[in-house]
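Printed here is final-v5.cif (mmCIF, C-alpha atoms):
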```cif
data_entry
#
loop_
_atom_site.group_PDB
_atom_site.id
_atom_site.type_symbol
_atom_site.label_atom_id
_atom_site.label_comp_id
_atom_site.auth_asym_id
_atom_site.auth_seq_id
_atom_site.Cartn_x
_atom_site.Cartn_y
_atom_site.Cartn_z
ATOM 1 C CA MET A 261 144.408 131.074 34.812
ATOM 2 C CA PRO A 262 144.814 129.552 38.273
ATOM 3 C CA ALA A 263 141.820 127.791 39.729
ATOM 4 C CA LYS A 264 139.779 129.881 42.060
ATOM 5 C CA VAL A 265 139.835 128.628 45.676
ATOM 6 C CA THR A 266 136.800 129.201 47.822
ATOM 7 C CA ARG A 267 137.606 129.842 51.488
ATOM 8 C CA TYR A 268 134.982 129.171 54.170
ATOM 9 C CA PRO A 269 135.013 130.931 57.533
ATOM 10 C CA VAL A 270 136.196 128.812 60.561
ATOM 11 C CA PRO A 271 133.654 128.878 63.375
ATOM 12 C CA ASP A 272 134.754 130.178 66.736
ATOM 13 C CA TRP A 273 134.530 126.899 68.888
ATOM 14 C CA THR A 274 136.074 125.778 72.141
ATOM 15 C CA PRO A 275 135.597 122.339 73.769
ATOM 16 C CA PRO A 276 133.258 122.216 76.725
ATOM 17 C CA GLU A 277 134.761 121.889 80.175
ATOM 18 C CA VAL A 278 134.873 118.313 81.516
ATOM 19 C CA ALA A 279 133.610 118.007 85.054
ATOM 20 C CA THR A 280 136.262 116.551 87.344
ATOM 21 C CA GLU A 281 135.960 115.334 90.913
ATOM 22 C CA PRO A 282 137.783 117.390 93.467
ATOM 23 C CA GLU A 283 141.139 115.923 94.477
ATOM 24 C CA GLN A 284 140.824 113.976 97.687
ATOM 25 C CA ALA A 285 142.854 115.160 100.589
ATOM 26 C CA ARG A 286 145.909 112.990 101.241
ATOM 27 C CA PRO A 287 146.785 111.907 104.753
ATOM 28 C CA PRO A 288 149.393 114.057 106.380
ATOM 29 C CA VAL A 289 152.940 112.856 105.968
ATOM 30 C CA PRO A 290 154.553 112.194 109.333
ATOM 31 C CA PRO A 291 158.013 113.511 110.178
ATOM 32 C CA GLY A 292 160.602 111.623 108.192
ATOM 33 C CA GLY A 293 158.624 111.725 104.983
ATOM 34 C CA GLN A 294 156.984 108.236 105.012
ATOM 35 C CA PRO A 295 153.206 107.805 104.898
ATOM 36 C CA ARG A 296 151.650 105.999 107.837
ATOM 37 C CA LYS A 297 150.409 103.099 105.709
ATOM 38 C CA ARG A 298 153.865 102.409 104.348
ATOM 39 C CA SER A 299 155.319 102.630 107.847
ATOM 40 C CA LYS A 300 152.831 100.020 109.100
ATOM 41 C CA ARG A 301 153.768 97.677 106.262
ATOM 42 C CA LYS A 302 157.436 98.089 107.121
ATOM 43 C CA TRP A 303 156.863 97.116 110.747
ATOM 44 C CA ARG A 304 154.746 94.154 109.706
ATOM 45 C CA ARG A 305 157.586 92.884 107.526
ATOM 46 C CA LYS A 306 160.022 93.298 110.396
ATOM 47 C CA LEU A 307 157.699 91.430 112.743
ATOM 48 C CA ALA A 308 157.229 88.618 110.232
ATOM 49 C CA LEU A 309 161.006 88.296 109.794
ATOM 50 C CA ALA A 310 161.488 88.284 113.567
ATOM 51 C CA LEU A 311 159.051 85.385 113.862
ATOM 52 C CA ILE A 312 160.142 83.423 110.798
ATOM 53 C CA ALA A 313 163.925 83.722 111.178
ATOM 54 C CA PRO A 314 164.154 81.645 114.403
ATOM 55 C CA LEU A 315 161.929 78.942 112.888
ATOM 56 C CA VAL A 316 164.134 78.766 109.812
ATOM 57 C CA LEU A 317 167.224 78.516 112.021
ATOM 58 C CA ILE A 318 165.621 75.731 114.065
ATOM 59 C CA GLN A 319 164.750 73.881 110.871
ATOM 60 C CA ILE A 320 168.332 74.142 109.636
ATOM 61 C CA ILE A 321 169.683 72.847 112.964
ATOM 62 C CA ALA A 322 167.157 69.994 113.014
ATOM 63 C CA PHE A 323 168.160 69.062 109.476
ATOM 64 C CA MET A 324 171.831 68.993 110.495
ATOM 65 C CA PHE A 325 170.999 66.617 113.359
ATOM 66 C CA SER A 326 169.004 64.426 110.985
ATOM 67 C CA MET A 327 172.054 64.218 108.719
ATOM 68 C CA GLY A 328 174.334 62.975 111.501
ATOM 69 C CA MET A 329 175.500 65.977 113.542
ATOM 70 C CA THR A 330 176.372 64.913 117.108
ATOM 71 C CA PRO A 331 177.877 67.716 119.216
ATOM 72 C CA PRO A 332 180.272 66.536 121.945
ATOM 73 C CA ARG A 333 178.596 68.765 124.542
ATOM 74 C CA THR A 334 175.023 69.906 125.182
ATOM 75 C CA ALA A 335 173.487 72.783 127.119
ATOM 76 C CA TYR A 336 172.839 70.485 130.076
ATOM 77 C CA MET A 337 176.450 69.296 130.109
ATOM 78 C CA LEU A 338 177.781 72.847 129.943
ATOM 79 C CA GLU A 339 175.459 73.909 132.738
ATOM 80 C CA ALA A 340 176.645 71.009 134.901
ATOM 81 C CA GLY A 341 180.289 71.883 134.305
ATOM 82 C CA GLU A 342 183.277 69.646 133.677
ATOM 83 C CA PRO A 343 184.464 66.970 133.979
ATOM 84 C CA ASN A 344 181.681 65.202 132.074
ATOM 85 C CA VAL A 345 181.822 61.586 130.940
ATOM 86 C CA TYR A 346 180.387 61.097 127.454
ATOM 87 C CA GLU A 347 181.008 59.186 124.244
ATOM 88 C CA PHE A 348 178.678 58.725 121.286
ATOM 89 C CA VAL A 349 177.428 55.287 120.242
ATOM 90 C CA SER A 350 175.405 54.393 117.154
ATOM 91 C CA ILE A 351 171.931 52.946 117.602
ATOM 92 C CA ASN A 352 173.165 49.940 115.599
ATOM 93 C CA HIS A 353 175.305 49.041 118.594
ATOM 94 C CA MET A 354 172.659 49.470 121.278
ATOM 95 C CA SER A 355 170.931 46.479 122.827
ATOM 96 C CA ARG A 356 167.386 46.084 121.523
ATOM 97 C CA HIS A 357 166.377 45.391 125.124
ATOM 98 C CA LEU A 358 167.612 48.890 125.925
ATOM 99 C CA LEU A 359 165.667 50.456 123.038
ATOM 100 C CA ALA A 360 162.515 48.564 124.018
ATOM 101 C CA ALA A 361 162.855 49.557 127.692
ATOM 102 C CA THR A 362 163.300 53.211 126.701
ATOM 103 C CA ILE A 363 160.198 53.216 124.522
ATOM 104 C CA ALA A 364 158.163 51.442 127.199
ATOM 105 C CA HIS A 365 159.327 53.672 130.056
ATOM 106 C CA GLU A 366 159.713 57.046 128.380
ATOM 107 C CA ASP A 367 157.443 57.323 125.327
ATOM 108 C CA GLU A 368 155.344 54.442 123.989
ATOM 109 C CA GLN A 369 153.996 56.578 121.148
ATOM 110 C CA LEU A 370 157.375 57.743 119.822
ATOM 111 C CA GLY A 371 157.082 55.770 116.598
ATOM 112 C CA THR A 372 153.332 56.026 116.096
ATOM 113 C CA ARG A 373 152.481 59.603 117.079
ATOM 114 C CA LYS A 374 152.460 62.509 114.620
ATOM 115 C CA GLY A 375 154.331 65.396 116.139
ATOM 116 C CA ALA A 376 156.256 65.761 119.359
ATOM 117 C CA PHE A 377 153.326 65.273 121.708
ATOM 118 C CA ASP A 378 149.605 64.693 121.886
ATOM 119 C CA LEU A 379 147.852 68.059 121.929
ATOM 120 C CA ALA A 380 145.321 67.017 124.576
ATOM 121 C CA ASP A 381 148.137 65.796 126.846
ATOM 122 C CA PHE A 382 150.028 69.039 126.314
ATOM 123 C CA GLN A 383 146.967 71.118 127.194
ATOM 124 C CA ALA A 384 146.387 69.026 130.319
ATOM 125 C CA ARG A 385 150.015 69.532 131.371
ATOM 126 C CA ALA A 386 149.786 73.287 130.783
ATOM 127 C CA GLN A 387 146.568 73.517 132.785
ATOM 128 C CA ALA A 388 148.088 71.530 135.644
ATOM 129 C CA TYR A 389 151.167 73.763 135.610
ATOM 130 C CA PHE A 390 149.207 77.010 135.874
ATOM 131 C CA GLN A 391 146.993 75.516 138.592
ATOM 132 C CA GLY A 392 150.017 74.396 140.593
ATOM 133 C CA LYS A 393 149.116 70.721 140.272
ATOM 134 C CA PRO A 394 151.485 67.776 139.568
ATOM 135 C CA ASP A 395 152.351 66.996 135.941
ATOM 136 C CA PRO A 396 149.751 64.408 134.821
ATOM 137 C CA SER A 397 151.875 62.784 132.091
ATOM 138 C CA GLY A 398 155.443 64.015 131.653
ATOM 139 C CA SER A 399 157.537 65.007 128.654
ATOM 140 C CA THR A 400 157.852 62.884 125.544
ATOM 141 C CA ILE A 401 161.219 61.786 124.177
ATOM 142 C CA PRO A 402 161.340 64.613 121.550
ATOM 143 C CA GLN A 403 160.662 67.151 124.307
ATOM 144 C CA GLN A 404 163.329 65.692 126.582
ATOM 145 C CA LEU A 405 165.793 65.533 123.710
ATOM 146 C CA VAL A 406 165.612 69.217 122.770
ATOM 147 C CA LYS A 407 165.661 70.171 126.459
ATOM 148 C CA ASN A 408 168.853 68.182 126.994
ATOM 149 C CA ILE A 409 170.573 69.581 123.913
ATOM 150 C CA PHE A 410 169.540 73.245 123.857
ATOM 151 C CA LEU A 411 167.832 74.357 127.067
ATOM 152 C CA TRP A 412 168.380 74.619 130.786
ATOM 153 C CA ASP A 413 167.071 73.040 133.965
ATOM 154 C CA ASP A 414 164.010 75.161 134.645
ATOM 155 C CA GLN A 415 160.274 74.571 134.969
ATOM 156 C CA SER A 416 159.085 78.006 133.851
ATOM 157 C CA ALA A 417 156.305 78.419 131.309
ATOM 158 C CA ALA A 418 158.653 80.284 128.952
ATOM 159 C CA ARG A 419 161.144 77.439 128.841
ATOM 160 C CA LYS A 420 158.411 74.863 128.349
ATOM 161 C CA GLY A 421 157.012 76.932 125.483
ATOM 162 C CA ILE A 422 160.389 77.077 123.749
ATOM 163 C CA GLU A 423 160.750 73.342 124.348
ATOM 164 C CA ALA A 424 157.396 72.667 122.661
ATOM 165 C CA VAL A 425 158.363 74.667 119.558
ATOM 166 C CA LEU A 426 161.781 73.022 119.259
ATOM 167 C CA ALA A 427 160.389 69.532 119.847
ATOM 168 C CA THR A 428 157.695 69.998 117.210
ATOM 169 C CA GLN A 429 160.235 71.124 114.632
ATOM 170 C CA PHE A 430 162.558 68.232 115.445
ATOM 171 C CA SER A 431 159.795 65.622 115.429
ATOM 172 C CA TYR A 432 158.866 66.485 111.843
ATOM 173 C CA THR A 433 162.499 66.468 110.680
ATOM 174 C CA LEU A 434 164.136 63.554 112.521
ATOM 175 C CA SER A 435 163.017 59.948 112.173
ATOM 176 C CA PRO A 436 161.898 58.117 115.337
ATOM 177 C CA GLN A 437 165.066 55.999 115.145
ATOM 178 C CA ARG A 438 167.326 59.049 114.998
ATOM 179 C CA THR A 439 165.377 60.724 117.804
ATOM 180 C CA LEU A 440 165.781 57.630 119.992
ATOM 181 C CA GLU A 441 169.483 57.383 119.145
ATOM 182 C CA LEU A 442 170.146 60.997 120.114
ATOM 183 C CA TYR A 443 168.038 60.754 123.249
ATOM 184 C CA LEU A 444 169.976 57.748 124.562
ATOM 185 C CA ASN A 445 173.250 59.469 123.766
ATOM 186 C CA TYR A 446 172.435 62.714 125.587
ATOM 187 C CA ALA A 447 170.295 61.496 128.505
ATOM 188 C CA GLN A 448 171.902 61.821 131.934
ATOM 189 C CA PHE A 449 172.563 58.552 133.783
ATOM 190 C CA GLY A 450 174.488 59.819 136.784
ATOM 191 C CA PRO A 451 176.360 62.853 138.122
ATOM 192 C CA HIS A 452 178.212 64.255 135.080
ATOM 193 C CA LEU A 453 177.547 60.948 133.262
ATOM 194 C CA TYR A 454 175.810 61.163 129.877
ATOM 195 C CA GLY A 455 174.744 58.621 127.294
ATOM 196 C CA VAL A 456 174.436 54.834 127.300
ATOM 197 C CA CYS A 457 177.991 54.279 126.089
ATOM 198 C CA ALA A 458 179.346 55.709 129.340
ATOM 199 C CA ALA A 459 176.499 54.354 131.489
ATOM 200 C CA SER A 460 176.741 50.729 130.341
ATOM 201 C CA TRP A 461 180.487 50.586 130.971
ATOM 202 C CA TYR A 462 180.327 52.591 134.199
ATOM 203 C CA TYR A 463 177.623 50.563 135.935
ATOM 204 C CA PHE A 464 177.829 47.139 134.295
ATOM 205 C CA ALA A 465 181.312 46.951 132.714
ATOM 206 C CA THR A 466 179.786 45.945 129.397
ATOM 207 C CA PRO A 467 179.237 47.590 125.996
ATOM 208 C CA PRO A 468 175.772 48.983 125.260
ATOM 209 C CA TRP A 469 175.078 46.287 122.657
ATOM 210 C CA ASN A 470 175.376 43.657 125.412
ATOM 211 C CA LEU A 471 172.978 45.127 127.982
ATOM 212 C CA SER A 472 170.405 42.649 129.291
ATOM 213 C CA ASP A 473 166.715 43.342 129.651
ATOM 214 C CA TYR A 474 167.065 43.743 133.429
ATOM 215 C CA GLN A 475 170.076 46.081 133.202
ATOM 216 C CA SER A 476 168.271 48.134 130.555
ATOM 217 C CA ALA A 477 165.200 48.481 132.757
ATOM 218 C CA GLN A 478 167.361 49.510 135.725
ATOM 219 C CA LEU A 479 168.888 52.313 133.655
ATOM 220 C CA MET A 480 165.382 53.642 132.970
ATOM 221 C CA GLY A 481 164.925 53.990 136.730
ATOM 222 C CA VAL A 482 168.045 56.177 136.844
ATOM 223 C CA LEU A 483 166.683 58.811 134.446
ATOM 224 C CA PRO A 484 164.343 60.749 136.786
ATOM 225 C CA LEU A 485 167.011 61.466 139.455
ATOM 226 C CA PRO A 486 170.446 60.886 137.880
ATOM 227 C CA ASP A 487 172.326 63.192 140.248
ATOM 228 C CA LEU A 488 171.371 60.981 143.212
ATOM 229 C CA VAL A 489 172.492 57.678 141.679
ATOM 230 C CA LYS A 490 175.795 56.021 142.613
ATOM 231 C CA ARG A 491 177.765 53.111 141.238
ATOM 232 C CA ASP A 492 178.171 50.058 143.446
ATOM 233 C CA PRO A 493 181.916 49.524 144.147
ATOM 234 C CA ASN A 494 181.488 45.943 142.940
ATOM 235 C CA GLY A 495 179.616 47.007 139.829
ATOM 236 C CA GLY A 496 175.993 47.808 139.161
ATOM 237 C CA ILE A 497 173.758 50.544 140.536
ATOM 238 C CA TYR A 498 174.145 50.982 144.288
ATOM 239 C CA LEU A 499 170.933 50.085 146.128
ATOM 240 C CA GLY A 500 172.397 49.216 149.525
ATOM 241 C CA ASP A 501 172.434 50.920 152.900
ATOM 242 C CA GLY A 502 172.130 54.678 152.760
ATOM 243 C CA VAL A 503 170.779 54.813 149.217
ATOM 244 C CA HIS A 504 168.283 57.595 148.620
ATOM 245 C CA PRO A 505 164.768 56.110 149.015
ATOM 246 C CA ALA A 506 163.591 57.633 145.729
ATOM 247 C CA VAL A 507 166.471 56.019 143.837
ATOM 248 C CA TRP A 508 165.710 52.630 145.391
ATOM 249 C CA ASN A 509 162.035 52.912 144.442
ATOM 250 C CA LEU A 510 162.668 54.172 140.922
ATOM 251 C CA VAL A 511 165.361 51.675 139.926
ATOM 252 C CA ASN A 512 163.663 48.654 141.454
ATOM 253 C CA GLY A 513 160.248 49.791 140.278
ATOM 254 C CA ALA A 514 161.413 50.237 136.683
ATOM 255 C CA ALA A 515 163.264 46.909 136.573
ATOM 256 C CA ASN A 516 160.681 44.758 138.321
ATOM 257 C CA VAL A 517 157.326 46.384 137.614
ATOM 258 C CA TRP A 518 156.954 49.270 135.197
ATOM 259 C CA VAL A 519 159.102 48.299 132.216
ATOM 260 C CA PRO A 520 158.070 44.581 132.165
ATOM 261 C CA ARG A 521 154.419 45.565 132.489
ATOM 262 C CA GLN A 522 154.569 48.151 129.710
ATOM 263 C CA LEU A 523 156.475 45.814 127.396
ATOM 264 C CA THR A 524 153.835 43.148 127.924
ATOM 265 C CA GLY A 525 151.212 45.671 126.890
ATOM 266 C CA LEU A 526 153.228 46.521 123.778
ATOM 267 C CA GLY A 527 153.531 42.851 122.810
ATOM 268 C CA GLY A 528 157.133 42.254 123.894
ATOM 269 C CA TRP A 529 160.456 43.886 123.165
ATOM 270 C CA GLN A 530 160.443 42.958 119.469
ATOM 271 C CA ALA A 531 157.074 44.630 118.974
ATOM 272 C CA ALA A 532 158.230 47.678 120.941
ATOM 273 C CA VAL A 533 161.304 48.343 118.782
ATOM 274 C CA ALA A 534 159.286 47.628 115.639
ATOM 275 C CA THR A 535 157.204 50.728 116.392
ATOM 276 C CA VAL A 536 160.238 52.842 115.461
ATOM 277 C CA GLY A 537 161.092 50.725 112.428
ATOM 278 C CA ILE A 538 163.763 48.438 113.941
ATOM 279 C CA THR A 539 163.481 44.752 113.099
ATOM 280 C CA ASP A 540 167.105 43.609 113.444
ATOM 281 C CA THR A 541 169.305 43.085 116.521
ATOM 282 C CA ALA A 542 172.564 44.596 117.678
ATOM 283 C CA ASP A 543 174.271 41.337 116.685
ATOM 284 C CA SER A 544 173.284 42.063 113.087
ATOM 285 C CA HIS A 545 176.014 44.733 113.182
ATOM 286 C CA ALA A 546 178.663 42.637 114.923
ATOM 287 C CA ASP A 547 181.020 42.986 111.965
ATOM 288 C CA ARG A 548 181.201 46.762 112.602
ATOM 289 C CA ARG A 549 182.132 46.661 116.264
ATOM 290 C CA ALA A 550 185.608 47.931 115.532
ATOM 291 C CA ASP A 551 184.113 51.251 114.368
ATOM 292 C CA ASN A 552 184.607 54.356 116.506
ATOM 293 C CA ASP A 553 180.876 54.654 117.174
ATOM 294 C CA ALA A 554 180.469 51.060 118.480
ATOM 295 C CA CYS A 555 181.623 51.763 122.068
ATOM 296 C CA SER A 556 183.176 48.296 122.181
ATOM 297 C CA THR A 557 185.812 49.208 124.762
ATOM 298 C CA MET A 558 185.542 51.118 128.021
ATOM 299 C CA PRO A 559 186.182 54.841 127.381
ATOM 300 C CA GLN A 560 189.145 56.319 129.210
ATOM 301 C CA SER A 561 186.873 58.886 130.839
ATOM 302 C CA VAL A 562 184.850 56.046 132.406
ATOM 303 C CA LYS A 563 188.029 54.397 133.700
ATOM 304 C CA ASP A 564 189.058 57.705 135.233
ATOM 305 C CA ARG A 565 185.646 58.129 136.872
ATOM 306 C CA ILE A 566 185.714 54.637 138.395
ATOM 307 C CA GLN A 567 189.232 55.234 139.674
ATOM 308 C CA SER A 568 188.179 58.580 141.132
ATOM 309 C CA ASP A 569 185.187 56.941 142.855
ATOM 310 C CA ALA A 570 187.518 54.412 144.447
ATOM 311 C CA GLY A 571 189.407 57.271 146.056
#
```

Rewrite the structure of this file - the entire thing - as structure tokens.
Amino acid sequence: MPAKVTRYPVPDWTPPEVATEPEQARPPVPPGGQPRKRSKRKWRRKLALALIAPLVLIQIIAFMFSMGMTPPRTAYMLEAGEPNVYEFVSINHMSRHLLAATIAHEDEQLGTRKGAFDLADFQARAQAYFQGKPDPSGSTIPQQLVKNIFLWDDQSAARKGIEAVLATQFSYTLSPQRTLELYLNYAQFGPHLYGVCAASWYYFATPPWNLSDYQSAQLMGVLPLPDLVKRDPNGGIYLGDGVHPAVWNLVNGAANVWVPRQLTGLGGWQAAVATVGITDTADSHADRRADNDACSTMPQSVKDRIQSDAG
């Protein structure tokens, strides 16, 4: 017989209800279907990209300059209009007297300062600007360099702000030597006359590696007012009858007072160039004076300018 199976009744049981918190009300979805929080995040990303992208571009450009890029024209040259006289020359073929005079006259802290400028000096300049007072110090070489290459002749706060950003980026990317090399290649030394290659041949009929200490100091006096400077028909910077009084004061002052005094304070021209890491002389590179970047012969554009001046 089959085994008898006992069946027990199944109790009637249902699980108790679990208390749940009421669903919180969600913020209304604006037209277009995106929540407000997500929309804010989207705009923040756009703003961040708008701020970061220019800085990245500046960094790339600064890196290209540090690796040897030397454009044949700058913003200042384009603004001045043609014909411009310019030819690049390597720092190896620049007189060390010229380099020392530039450091002494334009920016003694170029090789020792971190960044493009001293923050306290920059704040003092900004305060003077907004109070309508004279500039208490002046721009550093990194500031002048980026102004010459990228910007325009203007004294507005906006342009000075852009200059400060560019100069800071460049100062942390380019070495002091490269900064000095580019500055002396793009500085203006006369009407439509740019760089020491053109200036040394135009005024003194000599290559930049042969400039004397006095000639170098005179060129520093040209920098503040280059559009007012003229070449003497017999060679040199014209300081005779009819010369603009400011040019006479600046050129003579730089050559006879300011540059010699500052160089003495720096310990001499050798000590001055050592601040940017240069311990050799231009003659150390004499075997490379046939190179295209040595400026060993007078550029044709300089010959044309001198001929045009003669009438």

Take atom CA of Ala447 of chain A and atom CA of Gln478 of chain A and report the distance between them in Å, one decimal.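 We find that atom CA of Ala447 of chain A and atom CA of Gln478 of chain A lie 14.3 Å from each other.
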
Apply the PyMOL selection byres ((chain A and resi 485-500) around 7) to the displayed file and report the matching residues as a PyMOL selection string. chain A and resi 448-451+463-464+482-484+501-503+507-508

Atom CA of Asp543 of chain A and atom CA of Ser435 of chain A are how many Å apart? 22.2 Å

With all atoms listed in the file as the basis for distance, which of A:Ser556, A:Val536, A:Gln530, A:Arg565 is at the shortest distance from Arg356 of chain A?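 So, comparing all the options, the nearest one is A:Gln530.
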
Kindly give the distance, in Å, that separates atom CA of Ala542 of chain A and atom CA of Leu471 of chain A, rounded to a single decimal. 10.3 Å

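Selecting by distance to (159.7, 54.6, 138.1) with a limit of 10 Å and using all atoms listed in the file, one obtains His365, Ala477, Gln478, Met480, Gly481, Val482, Leu483, Pro484, Ala506, Val507, Trp508, Asn509, Leu510, Val511, Asn512, Gly513, Ala514, Ala515, Asn516, Val517, Trp518 and Val519 of chain A.
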
All residues 12 Å or closer to Trp529 of chain A, only C-alpha atoms, same chain fewer than 4 positions away omitted, as an NGL selection string: :A and (355-364 or 368 or 472-473 or 476-477 or 519-525 or 533-536 or 538-541)

Name the closest residue to Cys555 of chain A among the candidates A:Met354, A:Ala417, A:Met324, A:Ala570; distances are taken between atoms, counting only C-alpha atoms.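 Counting only C-alpha atoms, the residue closest to Cys555 of chain A is A:Met354.
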
Using all atoms listed in the file, can you tell me which of A:Leu405, A:Ala546, A:Ala322, A:Leu411 comes closest to Leu442 of chain A?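 Distance minimum relative to Leu442 of chain A lands on A:Leu405.
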
Using all atoms listed in the file for the distances, tell me which of A:His504, A:Lys374, A:His452, A:Lys563 is nearest to Ala340 of chain A. A:His452

Specify as an MDAnalysis selection string each residue included when the PyMOL selection byres ((chain A and resi 443) around 10) is applied to this file. chainID A and resid 362 401:406 408:409 437:442 444:448 455:456

Env of segment 457-459 of chain A: 7 Å cut, atoms = only C-alpha atoms, seq-sep filter 6 positions within chain, self excluded. Answer as a PyMOL selection string. chain A and resi 345-349+449+467-468+555+562

Judged by all atoms listed in the file, the minimum distance to Met558 of chain A among A:Ala424, A:Trp461, A:Ala531, A:Gly371 is found for A:Trp461

Result set, the PyMOL selection byres ((chain A and resi 426) around 12) on current file, as a PDB file with C-alpha atoms, in the coordinates of the input:
```pdb
ATOM      1  CA  PRO A 314     164.154  81.645 114.403  1.00  0.00           C
ATOM      2  CA  LEU A 315     161.929  78.942 112.888  1.00  0.00           C
ATOM      3  CA  VAL A 316     164.134  78.766 109.812  1.00  0.00           C
ATOM      4  CA  LEU A 317     167.224  78.516 112.021  1.00  0.00           C
ATOM      5  CA  ILE A 318     165.621  75.731 114.065  1.00  0.00           C
ATOM      6  CA  GLN A 319     164.750  73.881 110.871  1.00  0.00           C
ATOM      7  CA  ILE A 320     168.332  74.142 109.636  1.00  0.00           C
ATOM      8  CA  ILE A 321     169.683  72.847 112.964  1.00  0.00           C
ATOM      9  CA  ALA A 322     167.157  69.994 113.014  1.00  0.00           C
ATOM     10  CA  GLY A 375     154.331  65.396 116.139  1.00  0.00           C
ATOM     11  CA  ALA A 376     156.256  65.761 119.359  1.00  0.00           C
ATOM     12  CA  PHE A 377     153.326  65.273 121.708  1.00  0.00           C
ATOM     13  CA  PRO A 402     161.340  64.613 121.550  1.00  0.00           C
ATOM     14  CA  GLN A 403     160.662  67.151 124.307  1.00  0.00           C
ATOM     15  CA  GLN A 404     163.329  65.692 126.582  1.00  0.00           C
ATOM     16  CA  LEU A 405     165.793  65.533 123.710  1.00  0.00           C
ATOM     17  CA  VAL A 406     165.612  69.217 122.770  1.00  0.00           C
ATOM     18  CA  LYS A 407     165.661  70.171 126.459  1.00  0.00           C
ATOM     19  CA  ASN A 408     168.853  68.182 126.994  1.00  0.00           C
ATOM     20  CA  ILE A 409     170.573  69.581 123.913  1.00  0.00           C
ATOM     21  CA  PHE A 410     169.540  73.245 123.857  1.00  0.00           C
ATOM     22  CA  LEU A 411     167.832  74.357 127.067  1.00  0.00           C
ATOM     23  CA  ARG A 419     161.144  77.439 128.841  1.00  0.00           C
ATOM     24  CA  LYS A 420     158.411  74.863 128.349  1.00  0.00           C
ATOM     25  CA  GLY A 421     157.012  76.932 125.483  1.00  0.00           C
ATOM     26  CA  ILE A 422     160.389  77.077 123.749  1.00  0.00           C
ATOM     27  CA  GLU A 423     160.750  73.342 124.348  1.00  0.00           C
ATOM     28  CA  ALA A 424     157.396  72.667 122.661  1.00  0.00           C
ATOM     29  CA  VAL A 425     158.363  74.667 119.558  1.00  0.00           C
ATOM     30  CA  ALA A 427     160.389  69.532 119.847  1.00  0.00           C
ATOM     31  CA  THR A 428     157.695  69.998 117.210  1.00  0.00           C
ATOM     32  CA  GLN A 429     160.235  71.124 114.632  1.00  0.00           C
ATOM     33  CA  PHE A 430     162.558  68.232 115.445  1.00  0.00           C
ATOM     34  CA  SER A 431     159.795  65.622 115.429  1.00  0.00           C
ATOM     35  CA  TYR A 432     158.866  66.485 111.843  1.00  0.00           C
ATOM     36  CA  THR A 433     162.499  66.468 110.680  1.00  0.00           C
ATOM     37  CA  LEU A 434     164.136  63.554 112.521  1.00  0.00           C
TER      38      LEU A 434
END
```

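Distance check against Thr400 of chain A using only C-alpha atoms: of A:His353, A:Arg373, A:Arg333, A:Arg548, the minimum falls on A:Arg373.
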
Draw an axis-aligned box over all listed atoms of segment 341-353 of chain A, pad each side with 5 Å, and write its centre and edge lengths in Å, one decimal, as JSON.
```
{"center_x": 178.2, "center_y": 60.5, "center_z": 125.0, "size_x": 22.5, "size_y": 32.8, "size_z": 28.7}
```
